[in-house]
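The next block is structure_20.cif, given as mmCIF, C-alpha atoms and all ligand atoms.
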```cif
data_model
#
loop_
_atom_site.label_atom_id
_atom_site.label_comp_id
_atom_site.auth_asym_id
_atom_site.auth_seq_id
_atom_site.Cartn_x
_atom_site.Cartn_y
_atom_site.Cartn_z
CA MET A 178 -7.29 -34.10 5.30
CA PRO A 179 -9.84 -34.15 8.15
CA GLN A 180 -10.28 -37.44 10.00
CA GLN A 181 -14.04 -37.55 9.85
CA VAL A 182 -14.25 -37.95 6.07
CA ARG A 183 -16.74 -40.64 5.33
CA ILE A 184 -15.53 -43.08 2.71
CA PRO A 185 -18.30 -42.87 0.15
CA ARG A 186 -20.41 -45.86 -0.61
CA HIS A 187 -20.21 -46.47 -4.30
CA SER A 188 -23.18 -44.73 -5.86
CA PRO A 189 -25.26 -46.88 -8.21
CA LYS A 190 -25.44 -43.86 -10.49
CA LEU A 191 -21.70 -43.85 -11.02
CA GLU A 192 -20.33 -45.98 -13.76
CA SER A 193 -17.52 -47.62 -11.82
CA VAL A 194 -15.46 -47.30 -8.67
CA GLY A 195 -13.10 -44.40 -9.14
CA PHE A 196 -15.18 -42.92 -11.98
CA VAL A 197 -15.38 -39.47 -10.38
CA ALA A 198 -11.76 -39.46 -9.19
CA ASP A 199 -10.53 -40.49 -12.67
CA ASN A 200 -12.61 -37.80 -14.35
CA LEU A 201 -11.33 -35.16 -11.93
CA GLU A 202 -7.74 -36.12 -12.60
CA ARG A 203 -8.25 -35.93 -16.36
CA ILE A 204 -10.06 -32.59 -16.23
CA ARG A 205 -7.45 -31.05 -13.94
CA ALA A 206 -4.80 -32.06 -16.47
CA GLU A 207 -6.86 -30.58 -19.33
CA ILE A 208 -7.23 -27.33 -17.38
CA VAL A 209 -3.48 -27.08 -16.79
CA ALA A 210 -2.81 -27.82 -20.48
CA ALA A 211 -5.32 -25.16 -21.55
CA CYS A 212 -3.68 -22.63 -19.20
CA ILE A 213 -0.25 -23.36 -20.63
CA ARG A 214 -1.52 -23.03 -24.21
CA ALA A 215 -3.08 -19.69 -23.30
CA GLY A 216 0.15 -18.49 -21.69
CA ARG A 217 -1.52 -18.28 -18.30
CA PRO A 218 -0.24 -19.59 -14.93
CA GLU A 219 -1.13 -23.26 -14.34
CA ASP A 220 -3.20 -22.35 -11.29
CA ALA A 221 -5.08 -19.48 -12.94
CA VAL A 222 -8.33 -21.44 -13.18
CA ARG A 223 -10.36 -23.03 -10.41
CA LEU A 224 -12.48 -26.09 -11.08
CA MET A 225 -16.01 -26.22 -9.74
CA ALA A 226 -17.69 -29.64 -9.63
CA VAL A 227 -21.34 -29.11 -10.54
CA SER A 228 -23.14 -31.72 -8.44
CA LYS A 229 -26.78 -30.85 -9.19
CA THR A 230 -29.03 -33.95 -9.40
CA HIS A 231 -26.17 -36.15 -8.18
CA PRO A 232 -26.26 -37.80 -4.74
CA VAL A 233 -24.21 -36.80 -1.72
CA ASP A 234 -22.10 -39.93 -2.24
CA ALA A 235 -20.86 -38.57 -5.56
CA ILE A 236 -19.90 -35.30 -3.85
CA ALA A 237 -18.10 -37.24 -1.12
CA GLU A 238 -16.17 -39.23 -3.74
CA ALA A 239 -15.04 -36.00 -5.40
CA TYR A 240 -14.12 -34.56 -2.00
CA VAL A 241 -11.95 -37.54 -1.14
CA ALA A 242 -10.26 -37.00 -4.52
CA GLY A 243 -9.35 -33.48 -3.40
CA GLN A 244 -12.22 -31.47 -4.85
CA ARG A 245 -13.38 -28.61 -2.58
CA LEU A 246 -15.55 -26.32 -4.71
CA PHE A 247 -19.02 -27.51 -5.72
CA GLY A 248 -21.91 -25.91 -7.55
CA GLU A 249 -25.63 -26.49 -7.18
CA ASN A 250 -28.38 -24.82 -9.18
CA ARG A 251 -31.29 -25.11 -6.73
CA VAL A 252 -31.49 -23.77 -3.19
CA GLN A 253 -33.78 -26.55 -1.99
CA GLU A 254 -31.63 -29.36 -3.35
CA ALA A 255 -28.42 -27.87 -1.94
CA GLN A 256 -30.08 -27.40 1.42
CA SER A 257 -31.18 -31.01 1.54
CA LYS A 258 -27.62 -32.19 0.83
CA LEU A 259 -25.93 -29.84 3.28
CA PRO A 260 -26.47 -31.74 6.57
CA GLU A 261 -24.43 -34.64 5.17
CA LEU A 262 -21.69 -32.33 3.90
CA MET A 263 -21.25 -29.93 6.82
CA HIS A 264 -18.44 -31.96 8.36
CA LEU A 265 -16.30 -31.71 5.22
CA GLN A 266 -13.74 -29.03 5.98
CA GLU A 267 -12.99 -26.32 3.41
CA LEU A 268 -16.04 -27.32 1.38
CA GLU A 269 -17.23 -24.43 -0.74
CA LEU A 270 -20.68 -24.41 -2.27
CA HIS A 271 -21.78 -21.91 -4.93
CA LEU A 272 -25.26 -21.29 -6.24
CA ILE A 273 -25.21 -21.20 -10.05
CA GLY A 274 -28.94 -21.39 -10.80
CA PRO A 275 -31.66 -18.72 -10.88
CA LEU A 276 -32.63 -17.35 -7.47
CA GLN A 277 -36.19 -16.39 -6.57
CA SER A 278 -36.76 -13.61 -4.08
CA ASN A 279 -38.55 -15.91 -1.61
CA LYS A 280 -35.42 -18.10 -1.42
CA THR A 281 -32.82 -15.38 -0.78
CA ALA A 282 -32.65 -15.91 3.00
CA LYS A 283 -32.14 -19.67 2.60
CA ALA A 284 -29.60 -19.07 -0.15
CA ALA A 285 -27.60 -16.61 1.98
CA GLU A 286 -27.46 -19.23 4.71
CA THR A 287 -26.63 -22.22 2.50
CA PHE A 288 -24.04 -20.98 0.02
CA SER A 289 -20.52 -19.58 0.29
CA ALA A 290 -21.10 -17.54 -2.90
CA ILE A 291 -23.95 -16.79 -5.30
CA GLU A 292 -22.98 -16.64 -8.98
CA SER A 293 -26.42 -15.99 -10.42
CA VAL A 294 -27.41 -12.54 -9.17
CA ASP A 295 -29.21 -10.75 -11.98
CA SER A 296 -31.29 -8.01 -10.37
CA LEU A 297 -30.89 -5.34 -7.71
CA ARG A 298 -33.98 -6.63 -5.94
CA ILE A 299 -32.36 -10.04 -5.40
CA ALA A 300 -29.06 -8.43 -4.40
CA GLN A 301 -30.73 -6.22 -1.81
CA ARG A 302 -32.64 -9.13 -0.34
CA LEU A 303 -29.42 -11.14 -0.09
CA ASP A 304 -27.72 -8.15 1.55
CA ALA A 305 -30.48 -7.90 4.16
CA ALA A 306 -30.31 -11.65 4.85
CA CYS A 307 -26.52 -11.45 5.26
CA ALA A 308 -26.86 -8.52 7.66
CA THR A 309 -29.03 -10.77 9.85
CA LEU A 310 -26.54 -13.63 9.55
CA GLY A 311 -23.60 -11.30 10.19
CA LYS A 312 -21.76 -12.44 7.09
CA VAL A 313 -20.35 -10.94 3.92
CA LEU A 314 -21.33 -12.95 0.87
CA PRO A 315 -19.32 -12.94 -2.37
CA VAL A 316 -21.66 -12.55 -5.35
CA MET A 317 -21.24 -12.61 -9.09
CA VAL A 318 -23.52 -11.07 -11.65
CA GLU A 319 -24.86 -13.45 -14.27
CA VAL A 320 -24.83 -11.67 -17.61
CA LYS A 321 -27.19 -12.76 -20.36
CA LEU A 322 -25.19 -12.80 -23.57
CA SER A 323 -27.51 -15.12 -25.46
CA GLU A 324 -30.86 -14.43 -27.10
CA GLU A 325 -32.36 -17.67 -25.83
CA ASP A 326 -35.36 -17.35 -23.49
CA SER A 327 -34.06 -20.27 -21.45
CA LYS A 328 -31.00 -18.27 -20.37
CA HIS A 329 -31.02 -16.04 -17.31
CA GLY A 330 -29.03 -12.99 -16.36
CA CYS A 331 -28.74 -9.27 -16.45
CA ALA A 332 -28.77 -7.58 -19.88
CA PRO A 333 -25.31 -6.13 -20.68
CA ASP A 334 -26.64 -2.57 -20.83
CA ALA A 335 -28.17 -2.95 -17.35
CA LEU A 336 -24.87 -4.15 -15.90
CA PRO A 337 -23.34 -0.78 -14.83
CA ALA A 338 -26.37 0.11 -12.69
CA LEU A 339 -26.53 -3.37 -11.15
CA LEU A 340 -22.81 -3.34 -10.29
CA ALA A 341 -23.17 0.08 -8.65
CA GLY A 342 -26.19 -1.17 -6.69
CA ILE A 343 -24.37 -4.26 -5.45
CA ALA A 344 -21.25 -2.25 -4.56
CA ALA A 345 -23.49 -0.19 -2.27
CA CYS A 346 -24.61 -3.31 -0.35
CA PRO A 347 -22.41 -3.54 2.77
CA HIS A 348 -22.89 -7.30 3.20
CA LEU A 349 -22.18 -8.29 -0.39
CA GLU A 350 -18.79 -8.49 -2.05
CA LEU A 351 -18.79 -7.96 -5.79
CA ALA A 352 -16.66 -10.95 -6.82
CA GLY A 353 -17.09 -11.35 -10.56
CA LEU A 354 -19.19 -12.07 -13.62
CA MET A 355 -20.74 -15.31 -14.81
CA THR A 356 -22.35 -16.40 -18.06
CA VAL A 357 -23.80 -19.43 -19.83
CA PRO A 358 -23.35 -19.09 -23.60
CA GLU A 359 -25.71 -20.43 -26.18
CA TYR A 360 -24.87 -24.07 -26.90
CA THR A 361 -22.87 -24.56 -30.07
CA GLU A 362 -21.82 -27.94 -31.41
CA ASP A 363 -18.29 -26.64 -31.84
CA PRO A 364 -17.17 -25.20 -28.48
CA GLU A 365 -15.10 -22.61 -30.37
CA GLY A 366 -18.48 -21.07 -31.23
CA ALA A 367 -18.71 -19.78 -27.66
CA ARG A 368 -15.36 -17.95 -27.84
CA GLY A 369 -16.97 -14.65 -28.84
CA THR A 370 -19.35 -14.78 -25.88
CA PHE A 371 -16.52 -15.59 -23.47
CA ALA A 372 -14.48 -12.70 -24.89
CA THR A 373 -17.45 -10.36 -24.39
CA LEU A 374 -17.70 -11.29 -20.71
CA ARG A 375 -13.97 -10.72 -20.26
CA THR A 376 -14.25 -7.29 -21.90
CA LEU A 377 -17.11 -6.40 -19.55
CA LEU A 378 -15.04 -7.45 -16.54
CA GLU A 379 -12.02 -5.44 -17.70
CA LYS A 380 -14.21 -2.41 -18.25
CA HIS A 381 -15.47 -2.37 -14.65
CA GLN A 382 -12.44 -3.70 -12.79
CA THR A 383 -10.81 -0.33 -12.13
CA GLN A 384 -13.97 0.97 -10.52
CA TYR A 385 -14.60 -2.23 -8.53
CA PRO A 386 -11.25 -3.84 -7.62
CA THR A 387 -12.90 -6.89 -5.99
CA LEU A 388 -14.41 -7.81 -9.35
CA ARG A 389 -11.91 -10.49 -10.39
CA GLU A 390 -13.70 -13.73 -11.15
CA LEU A 391 -14.80 -14.77 -14.63
CA SER A 392 -17.02 -17.80 -14.15
CA MET A 393 -17.38 -19.28 -17.61
CA GLY A 394 -16.91 -22.65 -19.29
CA MET A 395 -18.76 -25.95 -18.78
CA SER A 396 -18.06 -29.59 -19.63
CA HIS A 397 -17.95 -29.16 -23.38
CA ASP A 398 -16.45 -25.68 -23.69
CA PHE A 399 -14.18 -25.07 -20.70
CA VAL A 400 -11.03 -25.19 -22.84
CA ALA A 401 -12.36 -22.37 -25.04
CA ALA A 402 -13.36 -20.41 -21.92
CA ILE A 403 -9.85 -20.74 -20.45
CA ALA A 404 -8.40 -19.40 -23.70
CA GLU A 405 -10.58 -16.32 -23.19
CA GLY A 406 -9.60 -15.70 -19.58
CA SER A 407 -11.95 -17.79 -17.46
CA THR A 408 -10.90 -18.02 -13.79
CA LEU A 409 -13.53 -20.55 -12.77
CA VAL A 410 -14.96 -23.37 -14.86
CA ARG A 411 -18.20 -25.09 -13.84
CA VAL A 412 -18.03 -28.74 -14.84
CA GLY A 413 -20.80 -31.25 -14.16
CA THR A 414 -21.28 -33.98 -16.78
CA ALA A 415 -17.58 -34.53 -17.44
CA ILE A 416 -17.04 -35.26 -13.72
CA PHE A 417 -20.20 -37.02 -12.55
CA GLY A 418 -21.65 -38.40 -15.78
CA SER A 419 -24.93 -37.48 -17.43
CA ARG A 420 -27.92 -36.16 -15.52
CA PRO A 421 -31.50 -37.28 -15.87
CA LYS A 422 -33.26 -35.04 -18.40
CA ALA A 423 -35.26 -32.30 -16.67
C1 LIG B 1 -25.48 -27.53 -15.01
C2 LIG B 1 -24.66 -26.31 -15.11
C3 LIG B 1 -23.28 -26.40 -15.41
C4 LIG B 1 -22.56 -27.70 -15.71
O1 LIG B 1 -22.93 -28.15 -16.95
P1 LIG B 1 -22.19 -29.45 -17.63
O2 LIG B 1 -22.48 -29.28 -19.07
O3 LIG B 1 -22.84 -30.64 -17.03
O4 LIG B 1 -20.77 -29.34 -17.31
C5 LIG B 1 -22.56 -25.21 -15.44
N1 LIG B 1 -23.14 -24.02 -15.21
C6 LIG B 1 -24.44 -23.90 -14.93
C7 LIG B 1 -25.02 -22.55 -14.69
C8 LIG B 1 -25.25 -25.04 -14.87
O5 LIG B 1 -26.56 -24.92 -14.61
#
```
Kindly return the structure encoded in the file as structure tokens.
Ligand SMILES: *Cc1c(COP(=O)(O)O)cnc(C)c1O
Amino acid sequence: MPQQVRIPRHSPKLESVGFVADNLERIRAEIVAACIRAGRPEDAVRLMAVSKTHPVDAIAEAYVAGQRLFGENRVQEAQSKLPELMHLQELELHLIGPLQSNKTAKAAETFSAIESVDSLRIAQRLDAACATLGKVLPVMVEVKLSEEDSKHGCAPDALPALLAGIAACPHLELAGLMTVPEYTEDPEGARGTFATLRTLLEKHQTQYPTLRELSMGMSHDFVAAIAEGSTLVRVGTAIFGSRPKA
């Protein structure tokens, strides 16, 4: 572990000292258990800590507890946190929220991957920004598998064209697919949606061998997502506690 890790001040937003570390330990165990039940290797699923709305101190506490992958849903917010996080080695930050075209350059600079690409226009702007930065950026396509207006993403029937368009961008790497299912009280209700995303990935994997990641599953349904093949679960509330209502 790098020497310069700052021991986090206890955040007033956190319920008790060790709250984040305890939650991480419990969730890691639940992930391993879900992998075993699904007959998958114990390390088949990566855990992302979704730190949106939570202070840098909470991120630092998770980092000290071994967490390396974090997710933020707004470019601006992530950018404001970054100066205090830059010294944390191996830190990986993914964008999981909708991206506007006027923020693509900042996003390309700030994040190690973008999981919420849903149009060719956004992809091409990211590609141009990465050309300037001299970097190759892993991206995932967010697929809209819910009827709700509040959900973002590419319609399933528009996916083949979008994948082909991204594959033609020299500074983007087509890394996977992401989705946010409609909320159901019983997390098993999201199983069908998770299975649909997996089927879409399998369908396109031969053509695009870098397409490997299935980013699906959140605090209340990550176990169901793992049963359906998730490789990356995005967990916020269960790690950091509840967020202020938007
Ligand atoms: C906020 C958010 C999450 C985490 O949600 P929790 O229910 O707090 O675990 C996951 N994915 C996306 C896209 C989000 O915006």
- How many Å lie between atom CA of Glu405 of chain A and atom CA of Thr373 of chain A, rounded to one decimal?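 Interatomic distance, atom CA of Glu405 of chain A to atom CA of Thr373 of chain A: 9.2 Å.
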- Task: Could you please give me, as a ChimeraX atom specification, the residues of protein, DNA or RNA lying at most 9 Å from (-18.1, -11.7, 0.3) in the coordinate frame of the file, considering only C-alpha atoms?
- Result: /A:289-290,312-316,348-352
- Message: Neighbouring residues of ligand LIG 1 (chain B) are defined here as those with any atom at most 6 Å from a ligand atom, counting only C-alpha atoms and all ligand atoms; list them as a PyMOL selection string.
- Response: chain A and resi 227+250+273-274+395-396+411-414
- Item | Point-to-point distance from atom CA of Met393 of chain A to atom CA of Val410 of chain A, Å rounded to tenths | 5.5 Å
- Message: Using only C-alpha atoms, can you tell me which of A:Cys307, A:Met263, A:Ala345, A:Met317 comes closest to Ser293 of chain A?
- Response: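 Result for the nearest residue to Ser293 of chain A: A:Met317.
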- Nearby residues (all atoms listed in the file) at most 7 Å from segment 330-343 of chain A, same-chain spacing under 6 positions excluded, as number ranges by chain: A: 295-297, 300, 319-321, 349, 351
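For the pair atom CA of Glu324 of chain A and atom CA of Thr361 of chain A, the interatomic distance is 13.2 Å.
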- Message: Using all atoms listed in the file, which protein or nucleic acid residues come within 10 Å of Gly195 of chain A? Drop anything in the same chain fewer than 5 positions from it, and give the result as a VMD selection string.
- Response: chain A and resid 187 200 to 201 238 to 239 242
If we count only C-alpha atoms, what is near Leu259 of chain A at a cut-off of 12 Å, once residues fewer than 3 positions away on the same chain are taken out, given as a PDB file with C-alpha atoms, in the frame of the given file?
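Output contents, as saved in around-v7.pdb:
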```pdb
ATOM      1  CA  PRO A 232     -26.260 -37.800  -4.740  1.00  0.00           C
ATOM      2  CA  VAL A 233     -24.210 -36.800  -1.720  1.00  0.00           C
ATOM      3  CA  ILE A 236     -19.900 -35.300  -3.850  1.00  0.00           C
ATOM      4  CA  ALA A 237     -18.100 -37.240  -1.120  1.00  0.00           C
ATOM      5  CA  PHE A 247     -19.020 -27.510  -5.720  1.00  0.00           C
ATOM      6  CA  GLU A 249     -25.630 -26.490  -7.180  1.00  0.00           C
ATOM      7  CA  VAL A 252     -31.490 -23.770  -3.190  1.00  0.00           C
ATOM      8  CA  GLN A 253     -33.780 -26.550  -1.990  1.00  0.00           C
ATOM      9  CA  GLU A 254     -31.630 -29.360  -3.350  1.00  0.00           C
ATOM     10  CA  ALA A 255     -28.420 -27.870  -1.940  1.00  0.00           C
ATOM     11  CA  GLN A 256     -30.080 -27.400   1.420  1.00  0.00           C
ATOM     12  CA  LEU A 262     -21.690 -32.330   3.900  1.00  0.00           C
ATOM     13  CA  MET A 263     -21.250 -29.930   6.820  1.00  0.00           C
ATOM     14  CA  HIS A 264     -18.440 -31.960   8.360  1.00  0.00           C
ATOM     15  CA  LEU A 265     -16.300 -31.710   5.220  1.00  0.00           C
ATOM     16  CA  LEU A 268     -16.040 -27.320   1.380  1.00  0.00           C
ATOM     17  CA  GLU A 269     -17.230 -24.430  -0.740  1.00  0.00           C
ATOM     18  CA  LEU A 270     -20.680 -24.410  -2.270  1.00  0.00           C
ATOM     19  CA  LYS A 283     -32.140 -19.670   2.600  1.00  0.00           C
ATOM     20  CA  ALA A 284     -29.600 -19.070  -0.150  1.00  0.00           C
ATOM     21  CA  GLU A 286     -27.460 -19.230   4.710  1.00  0.00           C
ATOM     22  CA  THR A 287     -26.630 -22.220   2.500  1.00  0.00           C
ATOM     23  CA  PHE A 288     -24.040 -20.980   0.020  1.00  0.00           C
ATOM     24  CA  SER A 289     -20.520 -19.580   0.290  1.00  0.00           C
TER      25      SER A 289
END
```
- Item | From A:Lys280, A:His329, A:Arg298, A:His231, residue lying nearest Lys258 of chain A [all atoms listed in the file] | A:His231
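Checking A:Glu390, A:Glu267, A:Asp234, A:Asp199 one by one against Ala221 of chain A, counting all atoms listed in the file, you find the shortest gap at A:Glu390.
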- Message: Measuring between all atoms listed in the file, which one of A:Ser327, A:Thr376, A:Thr370, A:Ser257 shows the shortest distance to Asp398 of chain A?
- Response: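 Of all the options, A:Thr370 lies closest to Asp398 of chain A.
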- Counting only C-alpha atoms, the option among A:Ala367, A:Ala235, A:Ala210, A:Leu272 closest to Val194 of chain A: A:Ala235
- Task: In the coordinate frame of the file, compute which residues have an atom within 6 Å of (-17.6, -20.8, -9.2) when using only C-alpha atoms, and state them as number ranges by chain.
- Result: A: 225, 392, 409
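Of the listed residues A:Ser407, A:Ile416, A:Leu303, A:Gly394, the one whose atoms come nearest to Ala226 of chain A is A:Ile416, with distances taken using all atoms listed in the file.
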- Would you mind listing what lies within 12 Å of Asp363 of chain A as a ChimeraX atom specification, with only C-alpha atoms counted and same-chain residues fewer than 2 positions away left out? /A:359-361,365-368,397-401
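Non-sequential neighbours of Glu202 of chain A (distance at most 12 Å, separation of 4 or more positions within a chain, all atoms listed in the file) are Gly195, Phe196, Val197, Ala198, Ala206, Glu207, Ile208, Val209, Leu224, Ala239, Ala242, Gly243, Gln244, Ala415 and Ile416 of chain A.
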